[in-house]
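Just below is one structure, and these are the notes that go with it.
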Amino acid sequence: MTDIWVVTLGLLLLFVILAMVRLWLGPTAPDRVVALDAVNTITVCGIIVFGVAFNETVYVDVAIVYALLSFVGTLWLAKYIGGDL
Amino acid sequence: MAADLLVTIFLGLGLLAAGLGVVGILRFPDVYTRLHAETKMTTCGAIFICIAVIITEAGVYLTTGDVQYAVLGLHTVLALAALIFTNAIGAHAIGRAAYRSGVRPDPAVVDRLKGVDMDD
């Protein structure tokens with residue numbers, strides 16, 4: 001069963017790299033924020049899959065904290081772009 | 001065996017959704033369509049991948065009786081709940097900030113937010 005999780009991890013890593021292409025190219029600042037949000041969401045999934053593949057509960061706790069921190073970061077970037085700061 | 005097949009199907013669906021979201025980010029023409037593809041499809045992928053994780057951990061817990069696997073499944077439920085709520089709110093904030101920063105929909109003919117007071 002472990003190899004399924006490793007293949008999933010590899011594909012999620014590929015998706016993160018593809019989203020980083022848009023993060024690099026993005027013509028405007030909101031494009032980059034959208035790409036960063038995609039990178040964060042897929043990274044949370046990757047951390048959870050990593051924790052299952054190696055039977056570590058701590059990684060899933062780290063994933064919860066990472067999800068909340070990425071949400072705060074996205075809100076802060078949105079406030080900055082929208083001109084509220 | 002049935003649980004293994006179910007886990008494989010849910011992982012495939014989740015990876016398909018996440019991959020379609022990333023393709024949408026790369027291919028769509030402007031910010032709002034990219035936001036649409038990204039938020040919906042990566043959240044959908046996260047839901048399916050977390051469901052696969054929960055099914056796996058429930059199966060292992062029911063066969064071995066080790067509490068560690070049940071704890072892993074429950075924490076995955078928590079992570080999934082955090083991800084679902086925060087993704088929706090974050091997408092709303094990004095769209096509003098993009099409109100207020102002066103980025104307009106690229107191929108659009110009708111702009112229904114033009115006369116709206118966006119300051120409150």
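Each chain in the structure tokens gets a letter, A, B, ..., in the order shown, and its residues are numbered from 1; ligands are numbered from 1 in order too.
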Requested in this report: Select residues of chain B: the criterion is any atom within 9 Å of an atom of chain A, counting only C-alpha atoms; output as a ChimeraX atom specification.
Outcome: /B:4,8,11-12,15,18-19,21-23,25-26,30-32,34-35,38-39,42-43,45-46,49-50,53,56-57,68-69,71-73,75-76,78-80,82-83,86-87,89-91,93-103
Which residues are close to B:Gly59, i.e. within 12 Å by only C-alpha atoms, leaving aside same-chain residues fewer than 3 positions away? Reply as a PDB file with N, CA, C and O atoms, in the first residue's frame.
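Written file, result-v5.pdb:
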```
ATOM      1  N   MET B   1      -9.628  -5.706   0.612  1.00  0.00           N
ATOM      2  CA  MET B   1      -9.495  -5.495  -0.831  1.00  0.00           C
ATOM      3  C   MET B   1     -10.417  -4.386  -1.318  1.00  0.00           C
ATOM      4  O   MET B   1     -10.026  -3.510  -2.063  1.00  0.00           O
ATOM      5  N   ALA B   2     -11.667  -4.417  -0.838  1.00  0.00           N
ATOM      6  CA  ALA B   2     -12.607  -3.370  -1.256  1.00  0.00           C
ATOM      7  C   ALA B   2     -12.141  -2.008  -0.771  1.00  0.00           C
ATOM      8  O   ALA B   2     -12.246  -1.005  -1.488  1.00  0.00           O
ATOM      9  N   ALA B   3     -11.569  -1.986   0.461  1.00  0.00           N
ATOM     10  CA  ALA B   3     -11.077  -0.712   0.991  1.00  0.00           C
ATOM     11  C   ALA B   3      -9.911  -0.211   0.149  1.00  0.00           C
ATOM     12  O   ALA B   3      -9.808   0.988  -0.143  1.00  0.00           O
ATOM     13  N   ASP B   4      -9.025  -1.124  -0.286  1.00  0.00           N
ATOM     14  CA  ASP B   4      -7.894  -0.718  -1.124  1.00  0.00           C
ATOM     15  C   ASP B   4      -8.370  -0.119  -2.439  1.00  0.00           C
ATOM     16  O   ASP B   4      -7.865   0.918  -2.893  1.00  0.00           O
ATOM     17  N   LEU B   6     -11.279   1.280  -2.992  1.00  0.00           N
ATOM     18  CA  LEU B   6     -11.927   2.564  -2.708  1.00  0.00           C
ATOM     19  C   LEU B   6     -10.888   3.659  -2.505  1.00  0.00           C
ATOM     20  O   LEU B   6     -11.017   4.780  -3.020  1.00  0.00           O
ATOM     21  N   VAL B   7      -9.801   3.318  -1.757  1.00  0.00           N
ATOM     22  CA  VAL B   7      -8.740   4.299  -1.520  1.00  0.00           C
ATOM     23  C   VAL B   7      -8.077   4.704  -2.824  1.00  0.00           C
ATOM     24  O   VAL B   7      -7.819   5.884  -3.074  1.00  0.00           O
ATOM     25  N   ALA B  52      -9.601   9.602   1.200  1.00  0.00           N
ATOM     26  CA  ALA B  52      -8.813   8.384   1.022  1.00  0.00           C
ATOM     27  C   ALA B  52      -7.966   8.095   2.261  1.00  0.00           C
ATOM     28  O   ALA B  52      -7.879   6.952   2.722  1.00  0.00           O
ATOM     29  N   VAL B  53      -7.365   9.146   2.830  1.00  0.00           N
ATOM     30  CA  VAL B  53      -6.543   8.978   4.036  1.00  0.00           C
ATOM     31  C   VAL B  53      -7.393   8.468   5.190  1.00  0.00           C
ATOM     32  O   VAL B  53      -7.008   7.535   5.918  1.00  0.00           O
ATOM     33  N   ILE B  54      -8.599   9.059   5.355  1.00  0.00           N
ATOM     34  CA  ILE B  54      -9.462   8.672   6.474  1.00  0.00           C
ATOM     35  C   ILE B  54      -9.910   7.219   6.325  1.00  0.00           C
ATOM     36  O   ILE B  54      -9.919   6.448   7.293  1.00  0.00           O
ATOM     37  N   ILE B  55     -10.252   6.796   5.088  1.00  0.00           N
ATOM     38  CA  ILE B  55     -10.671   5.402   4.874  1.00  0.00           C
ATOM     39  C   ILE B  55      -9.524   4.453   5.206  1.00  0.00           C
ATOM     40  O   ILE B  55      -9.704   3.433   5.890  1.00  0.00           O
ATOM     41  N   THR B  56      -8.295   4.820   4.750  1.00  0.00           N
ATOM     42  CA  THR B  56      -7.152   3.959   5.045  1.00  0.00           C
ATOM     43  C   THR B  56      -6.927   3.816   6.539  1.00  0.00           C
ATOM     44  O   THR B  56      -6.762   2.694   7.052  1.00  0.00           O
ATOM     45  N   LEU B  62      -9.350  -0.550  12.465  1.00  0.00           N
ATOM     46  CA  LEU B  62     -10.293  -1.627  12.748  1.00  0.00           C
ATOM     47  C   LEU B  62      -9.627  -2.995  12.710  1.00  0.00           C
ATOM     48  O   LEU B  62     -10.073  -3.922  13.383  1.00  0.00           O
ATOM     49  N   THR B  63      -8.532  -3.136  11.934  1.00  0.00           N
ATOM     50  CA  THR B  63      -7.877  -4.441  11.888  1.00  0.00           C
ATOM     51  C   THR B  63      -6.853  -4.611  13.003  1.00  0.00           C
ATOM     52  O   THR B  63      -6.749  -5.685  13.579  1.00  0.00           O
ATOM     53  N   THR B  64      -6.080  -3.534  13.317  1.00  0.00           N
ATOM     54  CA  THR B  64      -5.025  -3.700  14.322  1.00  0.00           C
ATOM     55  C   THR B  64      -5.452  -3.240  15.702  1.00  0.00           C
ATOM     56  O   THR B  64      -4.924  -3.728  16.696  1.00  0.00           O
ATOM     57  N   GLY B  65      -6.387  -2.264  15.790  1.00  0.00           N
ATOM     58  CA  GLY B  65      -6.802  -1.779  17.101  1.00  0.00           C
ATOM     59  C   GLY B  65      -5.825  -0.809  17.729  1.00  0.00           C
ATOM     60  O   GLY B  65      -5.942  -0.511  18.922  1.00  0.00           O
ATOM     61  N   ASP B  66      -4.858  -0.300  16.953  1.00  0.00           N
ATOM     62  CA  ASP B  66      -3.891   0.654  17.493  1.00  0.00           C
ATOM     63  C   ASP B  66      -4.507   2.058  17.464  1.00  0.00           C
ATOM     64  O   ASP B  66      -5.014   2.490  16.434  1.00  0.00           O
ATOM     65  N   TYR B  69      -3.508   5.131  14.790  1.00  0.00           N
ATOM     66  CA  TYR B  69      -4.095   5.318  13.459  1.00  0.00           C
ATOM     67  C   TYR B  69      -5.407   6.086  13.539  1.00  0.00           C
ATOM     68  O   TYR B  69      -5.708   6.910  12.677  1.00  0.00           O
ATOM     69  N   ALA B  70      -6.186   5.823  14.607  1.00  0.00           N
ATOM     70  CA  ALA B  70      -7.432   6.579  14.779  1.00  0.00           C
ATOM     71  C   ALA B  70      -7.130   8.054  15.003  1.00  0.00           C
ATOM     72  O   ALA B  70      -7.823   8.935  14.463  1.00  0.00           O
ATOM     73  N   GLY B  73      -6.357   9.649  11.699  1.00  0.00           N
ATOM     74  CA  GLY B  73      -7.557   9.914  10.916  1.00  0.00           C
ATOM     75  C   GLY B  73      -8.333  11.114  11.427  1.00  0.00           C
ATOM     76  O   GLY B  73      -8.794  11.946  10.641  1.00  0.00           O
TER      77      GLY B  73
END
```
**Report entry** One-decimal distance in Å that lies between atom CA of B:Met41 and atom CA of B:Asp111
**Finding:** 25.1 Å
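When atom CA of A:Thr43 is paired with atom CA of A:Trp24, their separation reads 17.4 Å.
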